[in-house]
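Student: Data file run_25.cif (mmCIF, C-alpha atoms; chains and numbers go by the auth columns) is appended below.
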```
data_query
loop_
_atom_site.group_PDB
_atom_site.id
_atom_site.type_symbol
_atom_site.label_atom_id
_atom_site.label_comp_id
_atom_site.label_asym_id
_atom_site.label_seq_id
_atom_site.Cartn_x
_atom_site.Cartn_y
_atom_site.Cartn_z
_atom_site.B_iso_or_equiv
_atom_site.auth_seq_id
_atom_site.auth_asym_id
ATOM 1 C CA MET A 1 14.020 -15.885 9.006 0.00 1 A
ATOM 2 C CA LYS A 2 12.069 -17.066 12.036 0.00 2 A
ATOM 3 C CA THR A 3 8.762 -18.888 11.936 0.00 3 A
ATOM 4 C CA LYS A 4 7.125 -15.902 13.650 0.00 4 A
ATOM 5 C CA ASP A 5 8.310 -13.620 10.843 0.00 5 A
ATOM 6 C CA LEU A 6 7.050 -15.987 8.136 0.00 6 A
ATOM 7 C CA THR A 7 3.710 -16.262 9.910 0.00 7 A
ATOM 8 C CA PHE A 8 3.309 -12.491 10.130 0.00 8 A
ATOM 9 C CA ILE A 9 4.290 -12.063 6.474 0.00 9 A
ATOM 10 C CA ALA A 10 1.711 -14.664 5.435 0.00 10 A
ATOM 11 C CA LEU A 11 -0.955 -13.071 7.643 0.00 11 A
ATOM 12 C CA GLY A 12 -0.133 -9.642 6.240 0.00 12 A
ATOM 13 C CA ALA A 13 -0.481 -10.918 2.680 0.00 13 A
ATOM 14 C CA ALA A 14 -3.767 -12.600 3.645 0.00 14 A
ATOM 15 C CA ILE A 15 -5.147 -9.392 5.176 0.00 15 A
ATOM 16 C CA ILE A 16 -4.233 -7.354 2.091 0.00 16 A
ATOM 17 C CA SER A 17 -5.747 -10.069 -0.119 0.00 17 A
ATOM 18 C CA ALA A 18 -8.979 -10.182 1.897 0.00 18 A
ATOM 19 C CA VAL A 19 -9.362 -6.399 1.770 0.00 19 A
ATOM 20 C CA SER A 20 -8.663 -6.498 -1.978 0.00 20 A
ATOM 21 C CA LEU A 21 -11.689 -8.734 -2.465 0.00 21 A
ATOM 22 C CA LEU A 22 -14.002 -6.019 -1.149 0.00 22 A
ATOM 23 C CA PRO A 23 -16.003 -4.216 -3.835 0.00 23 A
ATOM 24 C CA GLN A 24 -14.258 -1.413 -5.675 0.00 24 A
ATOM 25 C CA LEU A 25 -15.703 1.813 -6.974 0.00 25 A
ATOM 26 C CA GLN A 26 -14.958 2.989 -10.510 0.00 26 A
ATOM 27 C CA LEU A 27 -15.627 6.737 -10.596 0.00 27 A
ATOM 28 C CA VAL A 28 -13.493 8.287 -13.286 0.00 28 A
ATOM 29 C CA GLY A 29 -10.577 7.121 -15.376 0.00 29 A
ATOM 30 C CA PRO A 30 -8.903 3.741 -15.491 0.00 30 A
ATOM 31 C CA VAL A 31 -7.983 3.520 -11.785 0.00 31 A
ATOM 32 C CA PRO A 32 -10.638 2.255 -9.320 0.00 32 A
ATOM 33 C CA ILE A 33 -11.136 3.304 -5.702 0.00 33 A
ATOM 34 C CA THR A 34 -10.186 0.383 -3.459 0.00 34 A
ATOM 35 C CA LEU A 35 -9.151 -0.213 0.126 0.00 35 A
ATOM 36 C CA GLN A 36 -5.902 -1.921 -0.916 0.00 36 A
ATOM 37 C CA MET A 37 -3.746 1.033 0.042 0.00 37 A
ATOM 38 C CA LEU A 38 -5.368 1.182 3.487 0.00 38 A
ATOM 39 C CA ALA A 39 -4.452 -2.466 4.028 0.00 39 A
ATOM 40 C CA ILE A 40 -0.949 -2.023 2.611 0.00 40 A
ATOM 41 C CA MET A 41 -0.206 1.000 4.796 0.00 41 A
ATOM 42 C CA THR A 42 -1.623 -0.602 7.950 0.00 42 A
ATOM 43 C CA VAL A 43 0.041 -3.994 7.494 0.00 43 A
ATOM 44 C CA SER A 44 3.382 -2.435 6.547 0.00 44 A
ATOM 45 C CA ALA A 45 3.405 -0.104 9.547 0.00 45 A
ATOM 46 C CA ILE A 46 2.555 -2.904 11.948 0.00 46 A
ATOM 47 C CA LEU A 47 4.956 -5.486 10.513 0.00 47 A
ATOM 48 C CA GLY A 48 7.903 -3.206 9.779 0.00 48 A
ATOM 49 C CA ALA A 49 10.007 -2.687 6.675 0.00 49 A
ATOM 50 C CA LYS A 50 11.147 -6.179 5.783 0.00 50 A
ATOM 51 C CA ARG A 51 8.051 -8.133 6.841 0.00 51 A
ATOM 52 C CA GLY A 52 5.630 -5.471 5.555 0.00 52 A
ATOM 53 C CA GLY A 53 7.350 -5.137 2.183 0.00 53 A
ATOM 54 C CA LEU A 54 7.452 -8.933 1.790 0.00 54 A
ATOM 55 C CA ALA A 55 3.762 -9.247 2.712 0.00 55 A
ATOM 56 C CA VAL A 56 2.873 -6.781 -0.047 0.00 56 A
ATOM 57 C CA LEU A 57 5.167 -8.552 -2.505 0.00 57 A
ATOM 58 C CA ILE A 58 3.563 -11.931 -1.732 0.00 58 A
ATOM 59 C CA PHE A 59 0.118 -10.382 -2.209 0.00 59 A
ATOM 60 C CA LEU A 60 1.219 -9.234 -5.674 0.00 60 A
ATOM 61 C CA LEU A 61 2.734 -12.637 -6.472 0.00 61 A
ATOM 62 C CA LEU A 62 -0.561 -14.294 -5.534 0.00 62 A
ATOM 63 C CA ALA A 63 -2.373 -11.911 -7.885 0.00 63 A
ATOM 64 C CA ALA A 64 0.168 -12.552 -10.658 0.00 64 A
ATOM 65 C CA ALA A 65 -0.322 -16.291 -10.132 0.00 65 A
ATOM 66 C CA GLY A 66 -3.986 -15.839 -11.018 0.00 66 A
ATOM 67 C CA LEU A 67 -5.894 -15.110 -7.824 0.00 67 A
ATOM 68 C CA PRO A 68 -8.527 -12.429 -8.552 0.00 68 A
ATOM 69 C CA LEU A 69 -7.130 -9.895 -6.081 0.00 69 A
ATOM 70 C CA LEU A 70 -6.770 -6.860 -8.312 0.00 70 A
ATOM 71 C CA GLY A 71 -10.252 -5.620 -8.996 0.00 71 A
ATOM 72 C CA GLY A 72 -11.483 -9.157 -9.546 0.00 72 A
ATOM 73 C CA LYS A 73 -8.621 -9.820 -11.940 0.00 73 A
ATOM 74 C CA GLY A 74 -5.615 -12.023 -11.553 0.00 74 A
ATOM 75 C CA GLY A 75 -2.746 -13.097 -13.717 0.00 75 A
ATOM 76 C CA LEU A 76 -0.303 -10.845 -15.471 0.00 76 A
ATOM 77 C CA ALA A 77 -2.805 -8.557 -17.252 0.00 77 A
ATOM 78 C CA PRO A 78 -3.028 -5.989 -14.396 0.00 78 A
ATOM 79 C CA PHE A 79 0.773 -5.769 -14.445 0.00 79 A
ATOM 80 C CA VAL A 80 0.780 -4.496 -18.020 0.00 80 A
ATOM 81 C CA GLY A 81 -2.333 -2.301 -17.747 0.00 81 A
ATOM 82 C CA PRO A 82 -2.899 1.241 -16.497 0.00 82 A
ATOM 83 C CA THR A 83 -2.342 0.268 -12.849 0.00 83 A
ATOM 84 C CA VAL A 84 1.166 -1.168 -13.374 0.00 84 A
ATOM 85 C CA GLY A 85 2.939 1.801 -11.806 0.00 85 A
ATOM 86 C CA TYR A 86 0.802 1.609 -8.690 0.00 86 A
ATOM 87 C CA LEU A 87 1.425 -2.126 -8.383 0.00 87 A
ATOM 88 C CA ILE A 88 5.185 -1.646 -8.701 0.00 88 A
ATOM 89 C CA ALA A 89 5.022 1.065 -6.032 0.00 89 A
ATOM 90 C CA PHE A 90 3.062 -0.984 -3.476 0.00 90 A
ATOM 91 C CA PRO A 91 5.905 -3.133 -2.054 0.00 91 A
ATOM 92 C CA ILE A 92 8.346 -0.218 -2.170 0.00 92 A
ATOM 93 C CA ALA A 93 5.872 1.959 -0.268 0.00 93 A
ATOM 94 C CA GLY A 94 5.248 -0.918 2.136 0.00 94 A
ATOM 95 C CA PHE A 95 8.954 -1.212 2.885 0.00 95 A
ATOM 96 C CA PHE A 96 9.417 2.506 3.531 0.00 96 A
ATOM 97 C CA ILE A 97 6.227 2.852 5.600 0.00 97 A
ATOM 98 C CA GLY A 98 7.443 -0.078 7.692 0.00 98 A
ATOM 99 C CA LEU A 99 10.836 1.567 8.031 0.00 99 A
ATOM 100 C CA VAL A 100 9.281 4.791 9.313 0.00 100 A
ATOM 101 C CA ALA A 101 7.158 2.778 11.762 0.00 101 A
ATOM 102 C CA GLU A 102 10.271 0.996 13.040 0.00 102 A
ATOM 103 C CA LYS A 103 11.919 4.352 13.716 0.00 103 A
ATOM 104 C CA THR A 104 8.953 6.008 15.406 0.00 104 A
ATOM 105 C CA ARG A 105 5.710 4.955 16.991 0.00 105 A
ATOM 106 C CA ARG A 106 4.409 8.492 17.199 0.00 106 A
ATOM 107 C CA PHE A 107 1.348 9.540 15.237 0.00 107 A
ATOM 108 C CA LEU A 108 2.548 12.616 13.341 0.00 108 A
ATOM 109 C CA PRO A 109 5.857 11.254 11.969 0.00 109 A
ATOM 110 C CA LEU A 110 4.164 7.997 10.947 0.00 110 A
ATOM 111 C CA PHE A 111 1.281 9.866 9.305 0.00 111 A
ATOM 112 C CA ILE A 112 3.751 12.036 7.369 0.00 112 A
ATOM 113 C CA GLY A 113 5.623 8.872 6.312 0.00 113 A
ATOM 114 C CA MET A 114 2.375 7.365 5.075 0.00 114 A
ATOM 115 C CA LEU A 115 1.611 10.507 3.105 0.00 115 A
ATOM 116 C CA ILE A 116 5.077 10.600 1.551 0.00 116 A
ATOM 117 C CA PHE A 117 5.340 6.904 0.709 0.00 117 A
ATOM 118 C CA GLY A 118 1.732 5.669 0.722 0.00 118 A
ATOM 119 C CA LEU A 119 0.511 8.541 -1.408 0.00 119 A
ATOM 120 C CA GLY A 120 3.450 10.469 -2.850 0.00 120 A
ATOM 121 C CA LEU A 121 5.555 7.531 -4.016 0.00 121 A
ATOM 122 C CA VAL A 122 2.564 5.468 -5.132 0.00 122 A
ATOM 123 C CA TYR A 123 1.048 8.393 -7.041 0.00 123 A
ATOM 124 C CA LEU A 124 4.389 9.210 -8.659 0.00 124 A
ATOM 125 C CA LEU A 125 5.076 5.681 -9.904 0.00 125 A
ATOM 126 C CA GLY A 126 1.393 5.261 -10.755 0.00 126 A
ATOM 127 C CA THR A 127 1.573 8.413 -12.858 0.00 127 A
ATOM 128 C CA PHE A 128 4.587 7.060 -14.750 0.00 128 A
ATOM 129 C CA GLY A 129 2.686 3.816 -15.364 0.00 129 A
ATOM 130 C CA LEU A 130 -0.314 5.724 -16.706 0.00 130 A
ATOM 131 C CA MET A 131 1.988 7.758 -18.952 0.00 131 A
ATOM 132 C CA ALA A 132 3.600 4.621 -20.386 0.00 132 A
ATOM 133 C CA VAL A 133 0.465 2.529 -20.888 0.00 133 A
ATOM 134 C CA LEU A 134 -2.014 5.227 -21.915 0.00 134 A
ATOM 135 C CA HIS A 135 0.498 7.479 -23.691 0.00 135 A
ATOM 136 C CA LEU A 136 -0.442 10.509 -21.603 0.00 136 A
ATOM 137 C CA SER A 137 1.564 13.568 -20.675 0.00 137 A
ATOM 138 C CA PHE A 138 2.850 13.719 -17.105 0.00 138 A
ATOM 139 C CA PHE A 139 0.275 16.382 -16.207 0.00 139 A
ATOM 140 C CA ASP A 140 -2.637 14.442 -17.736 0.00 140 A
ATOM 141 C CA ALA A 141 -1.576 11.237 -15.986 0.00 141 A
ATOM 142 C CA LEU A 142 -1.083 13.067 -12.694 0.00 142 A
ATOM 143 C CA THR A 143 -4.536 14.616 -13.020 0.00 143 A
ATOM 144 C CA ILE A 144 -6.077 11.124 -12.970 0.00 144 A
ATOM 145 C CA ASN A 145 -4.953 10.873 -9.330 0.00 145 A
ATOM 146 C CA THR A 146 -6.815 14.019 -8.237 0.00 146 A
ATOM 147 C CA PRO A 147 -10.169 12.386 -7.298 0.00 147 A
ATOM 148 C CA PHE A 148 -8.334 9.945 -5.025 0.00 148 A
ATOM 149 C CA ILE A 149 -6.366 12.386 -2.862 0.00 149 A
ATOM 150 C CA LEU A 150 -8.919 13.092 -0.126 0.00 150 A
ATOM 151 C CA GLY A 151 -9.885 9.437 0.247 0.00 151 A
ATOM 152 C CA ASP A 152 -6.257 8.340 0.350 0.00 152 A
ATOM 153 C CA VAL A 153 -5.413 10.949 2.985 0.00 153 A
ATOM 154 C CA LEU A 154 -8.292 9.561 5.064 0.00 154 A
ATOM 155 C CA LYS A 155 -6.938 6.020 4.508 0.00 155 A
ATOM 156 C CA ALA A 156 -3.501 7.173 5.693 0.00 156 A
ATOM 157 C CA LEU A 157 -5.122 8.760 8.752 0.00 157 A
ATOM 158 C CA LEU A 158 -6.997 5.549 9.588 0.00 158 A
ATOM 159 C CA ALA A 159 -3.957 3.339 8.918 0.00 159 A
ATOM 160 C CA THR A 160 -1.799 5.550 11.160 0.00 160 A
ATOM 161 C CA THR A 161 -4.396 5.463 13.940 0.00 161 A
ATOM 162 C CA ILE A 162 -4.621 1.661 13.809 0.00 162 A
ATOM 163 C CA ALA A 163 -0.852 1.227 13.637 0.00 163 A
ATOM 164 C CA VAL A 164 -0.117 3.603 16.516 0.00 164 A
ATOM 165 C CA ARG A 165 -2.593 1.662 18.661 0.00 165 A
ATOM 166 C CA LEU A 166 -1.119 -1.751 17.754 0.00 166 A
ATOM 167 C CA LEU A 167 2.593 -0.967 17.574 0.00 167 A
ATOM 168 C CA PRO A 168 3.122 -0.849 21.355 0.00 168 A
ATOM 169 C CA LEU A 169 2.091 -4.512 21.586 0.00 169 A
ATOM 170 C CA ARG A 170 5.195 -6.670 21.971 0.00 170 A
ATOM 171 C CA LEU A 171 3.626 -9.212 19.616 0.00 171 A
ATOM 172 C CA PHE A 172 4.537 -7.196 16.518 0.00 172 A
ATOM 173 C CA ARG A 173 8.068 -6.145 17.433 0.00 173 A
ATOM 174 C CA VAL A 174 10.849 -7.013 15.042 0.00 174 A
ATOM 175 C CA ALA A 175 13.345 -9.222 16.863 0.00 175 A
#
```
Would you mind writing the file out in structure tokens?
Tutor:
Amino acid sequence: MKTKDLTFIALGAAIISAVSLLPQLQLVGPVPITLQMLAIMTVSAILGAKRGGLAVLIFLLLAAAGLPLLGGKGGLAPFVGPTVGYLIAFPIAGFFIGLVAEKTRRFLPLFIGMLIFGLGLVYLLGTFGLMAVLHLSFFDALTINTPFILGDVLKALLATTIAVRLLPLRLFRVA
């Protein structure tokens, strides 16, 4: 892996980490509203599949190592709590969003990819995590996601807009 790739991966992890330190909003249920997914979708689309997925994975490793990046919490506790499914989904979603961005730099296909992987996949695995940790039915766990849908669609829209503007720059191209 080239130095440029390592640098972009580290910068991607740093951007996601910085955004994760912004205040979160706890409306209903055990899952807070954060801007993490906005950062994950944007960074992954700009960096591509491999670099984007690794940036998200490093962000999670930093949190697991104890940095307070997950709602002010660090260490392994968030990885066994109600958000475990979402956390598992983040690097997978990052990889697939990056893959879509590598294949197309057009707004609509990238936006659809962000909806499928940034929302659909993350919500699905998050729902399974809620089911396992909170002992909920699939429907009850899925219902917890409902208040987040509109905001997450807006995050996907913003992430797509940013990515489509930055992707044409040669700086971010995968060699």
Student: Listing only residues of stretch 81-167 of chain A within 8 Å of stretch 35-59 of chain A, what is the closest atom pair and its distance in Å (to one decimal) for each, using all atoms listed in the file, sorted by chain and residue number ascending, as JSON lines?
Tutor:
```
{"residue": "A:Phe90", "atom": "CA", "partner": "A:Val56", "partner_atom": "CA", "distance": 6.7}
{"residue": "A:Pro91", "atom": "CA", "partner": "A:Gly53", "partner_atom": "CA", "distance": 4.9}
{"residue": "A:Ile92", "atom": "CA", "partner": "A:Gly53", "partner_atom": "CA", "distance": 6.6}
{"residue": "A:Ala93", "atom": "CA", "partner": "A:Gly53", "partner_atom": "CA", "distance": 7.7}
{"residue": "A:Gly94", "atom": "CA", "partner": "A:Gly53", "partner_atom": "CA", "distance": 4.7}
{"residue": "A:Phe95", "atom": "CA", "partner": "A:Ala49", "partner_atom": "CA", "distance": 4.2}
{"residue": "A:Phe96", "atom": "CA", "partner": "A:Ala49", "partner_atom": "CA", "distance": 6.1}
{"residue": "A:Ile97", "atom": "CA", "partner": "A:Ala45", "partner_atom": "CA", "distance": 5.7}
{"residue": "A:Gly98", "atom": "CA", "partner": "A:Gly48", "partner_atom": "CA", "distance": 3.8}
{"residue": "A:Leu99", "atom": "CA", "partner": "A:Ala49", "partner_atom": "CA", "distance": 4.5}
{"residue": "A:Val100", "atom": "CA", "partner": "A:Ala45", "partner_atom": "CA", "distance": 7.7}
{"residue": "A:Ala101", "atom": "CA", "partner": "A:Ala45", "partner_atom": "CA", "distance": 5.2}
{"residue": "A:Glu102", "atom": "CA", "partner": "A:Gly48", "partner_atom": "CA", "distance": 5.8}
{"residue": "A:Met114", "atom": "CA", "partner": "A:Met41", "partner_atom": "CA", "distance": 6.9}
{"residue": "A:Gly118", "atom": "CA", "partner": "A:Met41", "partner_atom": "CA", "distance": 6.5}
{"residue": "A:Asp152", "atom": "CA", "partner": "A:Met37", "partner_atom": "CA", "distance": 7.7}
{"residue": "A:Lys155", "atom": "CA", "partner": "A:Leu38", "partner_atom": "CA", "distance": 5.2}
{"residue": "A:Ala156", "atom": "CA", "partner": "A:Leu38", "partner_atom": "CA", "distance": 6.7}
{"residue": "A:Leu158", "atom": "CA", "partner": "A:Leu38", "partner_atom": "CA", "distance": 7.7}
{"residue": "A:Ala159", "atom": "CA", "partner": "A:Thr42", "partner_atom": "CA", "distance": 4.7}
{"residue": "A:Thr160", "atom": "CA", "partner": "A:Thr42", "partner_atom": "CA", "distance": 6.9}
{"residue": "A:Ile162", "atom": "CA", "partner": "A:Thr42", "partner_atom": "CA", "distance": 7.0}
{"residue": "A:Ala163", "atom": "CA", "partner": "A:Ile46", "partner_atom": "CA", "distance": 5.6}
{"residue": "A:Leu166", "atom": "CA", "partner": "A:Ile46", "partner_atom": "CA", "distance": 7.0}
{"residue": "A:Leu167", "atom": "CA", "partner": "A:Ile46", "partner_atom": "CA", "distance": 6.0}
```
Student: Let me make sure I understand: among A:Val133, A:Leu119, A:Leu125, A:Phe79, which one has the smallest atom-to-atom distance to A:Leu150 if we use only C-alpha atoms?
Tutor: A:Leu119
Student: Applying the PyMOL selection byres ((chain A and resi 126) around 7) to the file I just gave you, which residues come out? Please list them as a list in words.
Tutor: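 Checked against the file, the PyMOL selection byres ((chain A and resi 126) around 7) matches Thr83, Val84, Gly85, Tyr86, Val122, Tyr123, Leu124, Leu125, Thr127, Phe128, Gly129 and Leu130 of chain A.
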Student: Determine the nearest neighbour of A:Leu110 from the options A:Val164, A:Val80, A:Ile88, A:Leu69, counting only C-alpha atoms.
Tutor: A:Val164
Student: Report the distance between atom CA of A:Ile144 and atom CA of A:Gly71 in Å, rounded to one decimal place.
Tutor: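 Between these atoms lies a distance of 17.7 Å.
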Student: Rounded to one decimal place, report the atom CA of A:Pro109-atom CA of A:Asn145 distance in Å.
Tutor: 23.9 Å
Student: Rounded to one decimal place, report the atom CA of A:Arg105-atom CA of A:Arg165 distance in Å.
Tutor: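 Distance reported for this atom pair: 9.1 Å.
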Student: Which residue gives the smallest distance to A:Ser20 among A:Val153, A:Leu70, A:Leu6, A:Arg170, with only C-alpha atoms counted?
Tutor: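 Closest to A:Ser20, using only C-alpha atoms: A:Leu70.
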Student: Which residues are near A:Ala64? Cut-off 8 Å, all atoms listed in the file, ignore same chain within fewer than 5 positions. Put them as a VMD selection string.
Tutor: chain A and resid 74 to 76 79
Student: Pick out the closest residue to A:Leu22 from this set: A:Phe111, A:Leu60, A:Pro68, A:Leu136. Count all atoms listed in the file.
Tutor: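 Between A:Phe111, A:Leu60, A:Pro68, A:Leu136, the residue approaching A:Leu22 most closely is A:Pro68.
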Student: Find, counting only C-alpha atoms, the residue in A:Leu62, A:Gly113, A:Ala132, A:Thr146 that gets nearest to A:Ala10.
Tutor: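 For A:Ala10, the nearest of the candidates is A:Leu62.
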Student: Got a minute to add N, CA, C and O atoms to stretch 85-102 of chain A and dump it as a PDB file, keeping the file's coordinate frame?
Tutor:
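This is the output file part_39.pdb:
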```pdb
ATOM      1  N   GLY A  85       2.080   0.955 -12.626  1.00  0.00           N
ATOM      2  CA  GLY A  85       2.939   1.801 -11.806  1.00  0.00           C
ATOM      3  C   GLY A  85       2.561   1.753 -10.336  1.00  0.00           C
ATOM      4  O   GLY A  85       3.432   1.736  -9.456  1.00  0.00           O
ATOM      5  N   TYR A  86       1.270   1.706 -10.076  1.00  0.00           N
ATOM      6  CA  TYR A  86       0.802   1.609  -8.690  1.00  0.00           C
ATOM      7  C   TYR A  86       1.231   0.268  -8.093  1.00  0.00           C
ATOM      8  O   TYR A  86       1.691   0.213  -6.952  1.00  0.00           O
ATOM      9  N   LEU A  87       1.073  -0.791  -8.866  1.00  0.00           N
ATOM     10  CA  LEU A  87       1.425  -2.126  -8.383  1.00  0.00           C
ATOM     11  C   LEU A  87       2.919  -2.232  -8.088  1.00  0.00           C
ATOM     12  O   LEU A  87       3.316  -2.831  -7.085  1.00  0.00           O
ATOM     13  N   ILE A  88       3.736  -1.650  -8.942  1.00  0.00           N
ATOM     14  CA  ILE A  88       5.185  -1.646  -8.701  1.00  0.00           C
ATOM     15  C   ILE A  88       5.495  -0.863  -7.418  1.00  0.00           C
ATOM     16  O   ILE A  88       6.372  -1.240  -6.637  1.00  0.00           O
ATOM     17  N   ALA A  89       4.764   0.203  -7.188  1.00  0.00           N
ATOM     18  CA  ALA A  89       5.022   1.065  -6.032  1.00  0.00           C
ATOM     19  C   ALA A  89       4.591   0.430  -4.709  1.00  0.00           C
ATOM     20  O   ALA A  89       5.172   0.745  -3.666  1.00  0.00           O
ATOM     21  N   PHE A  90       3.600  -0.448  -4.724  1.00  0.00           N
ATOM     22  CA  PHE A  90       3.062  -0.984  -3.476  1.00  0.00           C
ATOM     23  C   PHE A  90       4.112  -1.601  -2.553  1.00  0.00           C
ATOM     24  O   PHE A  90       4.189  -1.229  -1.385  1.00  0.00           O
ATOM     25  N   PRO A  91       4.938  -2.560  -3.008  1.00  0.00           N
ATOM     26  CA  PRO A  91       5.905  -3.133  -2.054  1.00  0.00           C
ATOM     27  C   PRO A  91       6.998  -2.141  -1.639  1.00  0.00           C
ATOM     28  O   PRO A  91       7.494  -2.211  -0.511  1.00  0.00           O
ATOM     29  N   ILE A  92       7.348  -1.238  -2.520  1.00  0.00           N
ATOM     30  CA  ILE A  92       8.346  -0.218  -2.170  1.00  0.00           C
ATOM     31  C   ILE A  92       7.777   0.689  -1.083  1.00  0.00           C
ATOM     32  O   ILE A  92       8.436   0.969  -0.076  1.00  0.00           O
ATOM     33  N   ALA A  93       6.537   1.129  -1.277  1.00  0.00           N
ATOM     34  CA  ALA A  93       5.872   1.959  -0.268  1.00  0.00           C
ATOM     35  C   ALA A  93       5.737   1.190   1.039  1.00  0.00           C
ATOM     36  O   ALA A  93       5.978   1.741   2.122  1.00  0.00           O
ATOM     37  N   GLY A  94       5.377  -0.091   0.936  1.00  0.00           N
ATOM     38  CA  GLY A  94       5.248  -0.918   2.136  1.00  0.00           C
ATOM     39  C   GLY A  94       6.542  -0.981   2.922  1.00  0.00           C
ATOM     40  O   GLY A  94       6.547  -0.855   4.152  1.00  0.00           O
ATOM     41  N   PHE A  95       7.649  -1.159   2.224  1.00  0.00           N
ATOM     42  CA  PHE A  95       8.954  -1.212   2.885  1.00  0.00           C
ATOM     43  C   PHE A  95       9.250   0.096   3.610  1.00  0.00           C
ATOM     44  O   PHE A  95       9.617   0.105   4.791  1.00  0.00           O
ATOM     45  N   PHE A  96       9.070   1.221   2.924  1.00  0.00           N
ATOM     46  CA  PHE A  96       9.417   2.506   3.531  1.00  0.00           C
ATOM     47  C   PHE A  96       8.447   2.917   4.639  1.00  0.00           C
ATOM     48  O   PHE A  96       8.856   3.527   5.631  1.00  0.00           O
ATOM     49  N   ILE A  97       7.172   2.584   4.510  1.00  0.00           N
ATOM     50  CA  ILE A  97       6.227   2.852   5.600  1.00  0.00           C
ATOM     51  C   ILE A  97       6.631   2.028   6.823  1.00  0.00           C
ATOM     52  O   ILE A  97       6.640   2.528   7.949  1.00  0.00           O
ATOM     53  N   GLY A  98       6.983   0.768   6.595  1.00  0.00           N
ATOM     54  CA  GLY A  98       7.443  -0.078   7.692  1.00  0.00           C
ATOM     55  C   GLY A  98       8.710   0.452   8.332  1.00  0.00           C
ATOM     56  O   GLY A  98       8.880   0.397   9.551  1.00  0.00           O
ATOM     57  N   LEU A  99       9.594   0.995   7.518  1.00  0.00           N
ATOM     58  CA  LEU A  99      10.836   1.567   8.031  1.00  0.00           C
ATOM     59  C   LEU A  99      10.561   2.774   8.931  1.00  0.00           C
ATOM     60  O   LEU A  99      11.132   2.901  10.020  1.00  0.00           O
ATOM     61  N   VAL A 100       9.658   3.637   8.495  1.00  0.00           N
ATOM     62  CA  VAL A 100       9.281   4.791   9.313  1.00  0.00           C
ATOM     63  C   VAL A 100       8.669   4.306  10.633  1.00  0.00           C
ATOM     64  O   VAL A 100       8.995   4.821  11.706  1.00  0.00           O
ATOM     65  N   ALA A 101       7.806   3.298  10.559  1.00  0.00           N
ATOM     66  CA  ALA A 101       7.158   2.778  11.762  1.00  0.00           C
ATOM     67  C   ALA A 101       8.170   2.145  12.722  1.00  0.00           C
ATOM     68  O   ALA A 101       7.983   2.196  13.941  1.00  0.00           O
ATOM     69  N   GLU A 102       9.226   1.562  12.180  1.00  0.00           N
ATOM     70  CA  GLU A 102      10.271   0.996  13.040  1.00  0.00           C
ATOM     71  C   GLU A 102      11.039   2.090  13.769  1.00  0.00           C
ATOM     72  O   GLU A 102      11.526   1.878  14.874  1.00  0.00           O
TER      73      GLU A 102
END
```
